[in-house]
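Below: one structure, written as structure tokens.
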Amino acid sequence: MKPEQKDIYYLISPTRDAALNSPYLETFEKAGVQVLFGFSAIDDFVMGNLKEYEGRPLVSIERGDIDLKDLVPPADSKGQDDDIYKADRELTTKEKVELCTWFKKEFEEELASCTVTTRLSSSPAIVTDHESGALRRMMKMVDTTEAGRDQFKLPKQHMEINPNHKIILGINELKTTQPSLAKVLAAQVFDNCLVAAGLLDDSRSMLPRLNDLLICVVNGAKENPNATVASEGSECQTDDGDAKTSETSDETKEDTESASTSK
């Protein structure tokens, strides 16, 4: 750990691989700031109650009030992987406000707030300042009563979106041209945030929506048979290497109309 580092950062995750792939780790990894991993609900309990070690506060990197000024990445830290997800333009200030307002309106039962963040690169969004996913699962196992199930209903979340991400830029454009598809994509982004935070109680609830999105992808691929996937998790490209986003067909639009209910 750097001697000048004021806080000790930590992340609780089920496995080391999950921790290394966590969107919360992105800005810390780029800045070369070490993060302590824990893999048990007990670790989360200990960190939350220990508060500090040798005068340095113990801070979960899932918090939203982390001072990012101390986490400035080196100039040469930007990798090619970031370019895969980076949009060709950033949302304007007006677009950022309007998109956050749209998210808040469409998911008023799920979101307490929606803001933009600079801490993300390859991920479109995260939720912050949430309850511990590990402790939540442990408490649910202990209390199996009917009252307990109501007690552990997921509270409204604080969502932070990456205005430079292709998915976020795409949702911003689609909310006007194809609002049904935009809402389905936004719902999937929100569920992805819950998965990353360990807060999604039953991932099976995503399956109908994921199937609808796969139909959209298949229909789009039919319109552009020359498109290929450059690499796992990357954009589709034509044979000449140029990025190409296919128009959504009438059939795909009909698919997304029904998909909007699969939230």
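FYI, nothing fancy with the structure tokens labels: chains A, B, ... in order, residues from 1 per chain, ligands from 1 as they appear.
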
task = List the neighbours of Gly170 in chain A out to 10 Å using only C-alpha atoms; skip same-chain residues closer than 3 positions along the sequence, and give me the result as a list in words.
result = Ala87, His165, Lys166, Ile167, Glu173, Leu174, Lys175, Ala182 and Leu185 of chain A

Write out, as a PDB file, in the first residue's frame, the residues just selected, with C-alpha atoms.
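This went into selection38.pdb:
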ATOM      1  CA  ALA A  87     -18.601   5.697 -27.040  1.00  0.00           C
ATOM      2  CA  HIS A 165     -20.057   3.971 -22.307  1.00  0.00           C
ATOM      3  CA  LYS A 166     -21.579   2.783 -25.587  1.00  0.00           C
ATOM      4  CA  ILE A 167     -24.521   1.144 -23.828  1.00  0.00           C
ATOM      5  CA  GLU A 173     -30.632   7.683 -28.146  1.00  0.00           C
ATOM      6  CA  LEU A 174     -33.108   4.786 -28.048  1.00  0.00           C
ATOM      7  CA  LYS A 175     -35.283   6.298 -25.305  1.00  0.00           C
ATOM      8  CA  ALA A 182     -34.469   1.452 -24.247  1.00  0.00           C
ATOM      9  CA  LEU A 185     -31.840  -2.395 -21.958  1.00  0.00           C
TER      10      LEU A 185
END

As a compact mmCIF listing (two decimals) with N, CA and C atoms, in the first residue's frame, please: the residues near Asp202 in chain A (cut-off 12 Å, only C-alpha atoms, same-chain neighbours under 4 positions excluded).
# COMPACT_ATOMS: atom_id res chain seq x y z
N ARG A 137 -27.55 -11.97 2.44
CA ARG A 137 -27.81 -13.38 2.19
C ARG A 137 -27.75 -14.20 3.47
N LEU A 154 -35.65 -5.54 -1.07
CA LEU A 154 -34.54 -4.70 -1.48
C LEU A 154 -34.95 -3.23 -1.48
N ASP A 191 -30.20 -4.55 -13.44
CA ASP A 191 -30.04 -5.89 -12.87
C ASP A 191 -28.57 -6.31 -12.84
N LEU A 194 -27.08 -4.91 -9.83
CA LEU A 194 -27.44 -5.67 -8.64
C LEU A 194 -26.62 -6.95 -8.54
N VAL A 195 -26.37 -7.59 -9.67
CA VAL A 195 -25.54 -8.79 -9.68
C VAL A 195 -24.12 -8.46 -9.21
N GLY A 198 -24.02 -8.07 -5.61
CA GLY A 198 -24.45 -9.23 -4.83
C GLY A 198 -25.83 -9.06 -4.23
N MET A 206 -34.28 -12.58 -14.66
CA MET A 206 -33.76 -11.91 -15.85
C MET A 206 -33.95 -12.72 -17.13
N LEU A 207 -34.23 -14.01 -17.01
CA LEU A 207 -34.22 -14.88 -18.19
C LEU A 207 -35.17 -14.45 -19.31

query = Interatomic distance between CA of Leu199 in chain A and CA of Ala187 in chain A?
reply = 14.7 Å

ask   = Neighbours of range 96-110 of chain A within 7 Å (only C-alpha atoms; same-chain residues fewer than 5 positions away dropped), as a count of residues only?
value = 5

query = Hey, which of A:Pro179, A:Thr117, A:Gly38, A:Ile8 ends up closest to Lys51 in chain A? Count only C-alpha atoms.
reply = A:Ile8

Proximity to Pro14 in chain A - best of A:Ile42, A:Val189, A:Val184, A:Val217, only C-alpha atoms = A:Ile42

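The spacing separating CA of Pro23 in chain A from CA of Thr177 in chain A amounts to 29.2 Å.
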